[in-house]
Amino acid sequence: QVQLVESGGGLVQPGGSLRLSCAASGSIGTIDTMTWYRQAPGKQRELVARITNAGSTNYADSVKGRFTISRDNARNTVYLQMNSLKPEDTAVYYCKMNNYRRDYWGQGTQVTVSS
């Protein structure tokens, strides 16, 4: 059974940094895209960053220049380095992986940016 486990969330002051990780366990096979989403209270879930198997990336306009997505295929892990965090980045962050057959989702990790 495939599971995605996220870690790295927490409370940080504005201007601070966090690094999120999401690791897949089980027989997920070859992973195509790895994606981070977030959902703030009262808002719809939105795409934050995506990375393909070929290494191509794209970002939401709101995080460009501040967030960096990367992946380690040997560890079936995706990372999200978040710098210069703002209060509006506060949300539950979810990872999603697609293995050419279906999507798998993590359970979410809370990121709170507050002084």
# chains A, B, ... in the order shown; residues from 1 in each chain; ligands from 1
>>> residues_around(residues="region 51-56 of chain A", least_positions_apart="5", cutoff="10 Å", atoms="only C-alpha atoms", output="ChimeraX atom specification")
/A:30-36,68-71,73,78,97-99
>>> residues_around(residues="region 102-105 of chain A", least_positions_apart="4", cutoff="8 Å", atoms="only C-alpha atoms", output="VMD selection string")
chain A and resid 2 to 4 94 to 98
>>> residues_around(residues="Gln13 (chain A)", least_positions_apart="2", cutoff="8 Å", atoms="only C-alpha atoms", output="list of chain:residue names")
A:Leu11, A:Gly15, A:Gly16, A:Leu85, A:Val113, A:Ser114, A:Ser115
>>> residues_around(residues="Ser62 (chain A)", least_positions_apart="4", cutoff="12 Å", atoms="only C-alpha atoms", output="short mmCIF file (atom, residue, chain, number, x, y, z; two decimals) with C-alpha atoms, in the first residue's frame")
data_model
loop_
_atom_site.label_atom_id
_atom_site.label_comp_id
_atom_site.auth_asym_id
_atom_site.auth_seq_id
_atom_site.Cartn_x
_atom_site.Cartn_y
_atom_site.Cartn_z
CA GLU A 46 -4.26 25.79 -4.86
CA LEU A 47 -1.19 24.54 -6.67
CA VAL A 48 2.05 25.84 -5.21
CA ALA A 49 4.75 24.10 -7.25
CA ASN A 58 6.46 25.55 -12.44
CA ARG A 66 10.76 32.49 -2.76
CA PHE A 67 9.96 28.76 -2.98
CA MET A 82 10.24 28.01 1.43
CA SER A 84 10.96 34.79 2.89
CA LEU A 85 7.74 33.41 4.28
CA LYS A 86 4.75 35.70 4.61
CA GLU A 88 -0.39 34.74 3.63
CA ASP A 89 1.63 31.54 3.16
#
>>> closest_residue(among="A:Ser21, A:Ser7, A:Ile28, A:Pro87", to="Tyr100 (chain A)", atoms="only C-alpha atoms")
A:Ile28
>>> closest_residue(among="A:Thr57, A:Gln44, A:Thr77, A:Gln39", to="Val5 (chain A)", atoms="only C-alpha atoms")
A:Thr77
>>> closest_residue(among="A:Lys64, A:Tyr79, A:Gly29, A:Arg38", to="Gly108 (chain A)", atoms="only C-alpha atoms")
A:Arg38
>>> atom_distance(atom1="CA of Val63 (chain A)", atom2="CA of Asn83 (chain A)")
9.2 Å
>>> decode(residues="region 69-97 of chain A", atoms="N, CA, C and O atoms", output="short mmCIF file (atom, residue, chain, number, x, y, z; two decimals), in the first residue's frame")
data_model
loop_
_atom_site.label_atom_id
_atom_site.label_comp_id
_atom_site.auth_asym_id
_atom_site.auth_seq_id
_atom_site.Cartn_x
_atom_site.Cartn_y
_atom_site.Cartn_z
N ILE A 69 11.11 23.93 -5.50
CA ILE A 69 10.74 22.52 -5.43
C ILE A 69 11.88 21.69 -6.00
O ILE A 69 12.53 22.08 -6.96
N SER A 70 12.12 20.53 -5.38
CA SER A 70 13.14 19.61 -5.87
C SER A 70 12.70 18.19 -5.55
O SER A 70 11.76 17.98 -4.77
N ARG A 71 13.39 17.22 -6.14
CA ARG A 71 13.01 15.83 -5.92
C ARG A 71 14.23 14.94 -5.86
O ARG A 71 15.26 15.25 -6.49
N ASP A 72 14.08 13.83 -5.16
CA ASP A 72 15.11 12.80 -5.08
C ASP A 72 14.43 11.51 -5.53
O ASP A 72 13.69 10.88 -4.75
N ASN A 73 14.66 11.11 -6.77
CA ASN A 73 13.96 9.94 -7.31
C ASN A 73 14.38 8.66 -6.61
O ASN A 73 13.57 7.74 -6.46
N ALA A 74 15.61 8.57 -6.18
CA ALA A 74 16.07 7.36 -5.50
C ALA A 74 15.34 7.15 -4.17
O ALA A 74 15.18 6.01 -3.72
N ARG A 75 14.90 8.25 -3.56
CA ARG A 75 14.19 8.18 -2.29
C ARG A 75 12.69 8.42 -2.43
O ARG A 75 11.98 8.46 -1.43
N ASN A 76 12.22 8.56 -3.69
CA ASN A 76 10.78 8.85 -3.91
C ASN A 76 10.31 9.99 -3.01
O ASN A 76 9.27 9.91 -2.36
N THR A 77 11.10 11.06 -3.02
CA THR A 77 10.84 12.18 -2.11
C THR A 77 10.84 13.49 -2.88
O THR A 77 11.65 13.69 -3.79
N VAL A 78 9.94 14.36 -2.48
CA VAL A 78 9.88 15.71 -3.03
C VAL A 78 10.04 16.69 -1.87
O VAL A 78 9.58 16.44 -0.76
N TYR A 79 10.71 17.80 -2.17
CA TYR A 79 10.99 18.82 -1.17
C TYR A 79 10.40 20.16 -1.62
O TYR A 79 10.23 20.43 -2.82
N LEU A 80 10.11 21.00 -0.64
CA LEU A 80 9.72 22.37 -0.93
C LEU A 80 10.47 23.28 0.03
O LEU A 80 10.17 23.30 1.23
N GLN A 81 11.45 23.99 -0.51
CA GLN A 81 12.19 24.97 0.29
C GLN A 81 11.44 26.28 0.22
O GLN A 81 11.23 26.82 -0.87
N MET A 82 11.05 26.78 1.36
CA MET A 82 10.24 28.01 1.43
C MET A 82 11.02 29.08 2.18
O MET A 82 11.33 28.91 3.37
N ASN A 83 11.36 30.14 1.48
CA ASN A 83 12.11 31.26 2.05
C ASN A 83 11.24 32.52 2.05
O ASN A 83 10.23 32.60 1.35
N SER A 84 11.67 33.50 2.83
CA SER A 84 10.96 34.79 2.89
C SER A 84 9.47 34.58 3.10
O SER A 84 8.63 35.17 2.40
N LEU A 85 9.13 33.76 4.06
CA LEU A 85 7.74 33.41 4.28
C LEU A 85 6.92 34.61 4.74
O LEU A 85 7.42 35.48 5.48
N LYS A 86 5.67 34.63 4.30
CA LYS A 86 4.75 35.70 4.61
C LYS A 86 3.54 35.13 5.35
O LYS A 86 3.22 33.95 5.19
N PRO A 87 2.82 35.95 6.10
CA PRO A 87 1.62 35.45 6.78
C PRO A 87 0.62 34.81 5.82
O PRO A 87 -0.06 33.84 6.19
N GLU A 88 0.55 35.31 4.59
CA GLU A 88 -0.39 34.74 3.63
C GLU A 88 0.03 33.37 3.10
O GLU A 88 -0.72 32.73 2.36
N ASP A 89 1.22 32.91 3.48
CA ASP A 89 1.63 31.54 3.16
C ASP A 89 1.07 30.53 4.16
O ASP A 89 1.22 29.32 3.97
N THR A 90 0.43 31.00 5.20
CA THR A 90 -0.15 30.12 6.19
C THR A 90 -1.22 29.24 5.56
O THR A 90 -2.16 29.72 4.92
N ALA A 91 -1.08 27.93 5.72
CA ALA A 91 -1.99 26.97 5.10
C ALA A 91 -1.57 25.56 5.50
O ALA A 91 -0.51 25.36 6.08
N VAL A 92 -2.43 24.61 5.15
CA VAL A 92 -2.03 23.21 5.19
C VAL A 92 -1.45 22.87 3.82
O VAL A 92 -2.09 23.14 2.79
N TYR A 93 -0.27 22.32 3.82
CA TYR A 93 0.43 21.98 2.58
C TYR A 93 0.32 20.48 2.33
O TYR A 93 0.60 19.67 3.22
N TYR A 94 -0.05 20.13 1.10
CA TYR A 94 -0.25 18.74 0.70
C TYR A 94 0.68 18.41 -0.46
O TYR A 94 0.87 19.23 -1.37
N CYS A 95 1.20 17.20 -0.47
CA CYS A 95 1.94 16.75 -1.64
C CYS A 95 1.09 15.74 -2.41
O CYS A 95 0.23 15.06 -1.84
N LYS A 96 1.35 15.68 -3.69
CA LYS A 96 0.68 14.73 -4.56
C LYS A 96 1.71 14.14 -5.52
O LYS A 96 2.58 14.85 -6.02
N MET A 97 1.63 12.84 -5.73
CA MET A 97 2.51 12.17 -6.69
C MET A 97 1.68 11.37 -7.67
O MET A 97 0.68 10.75 -7.28
#
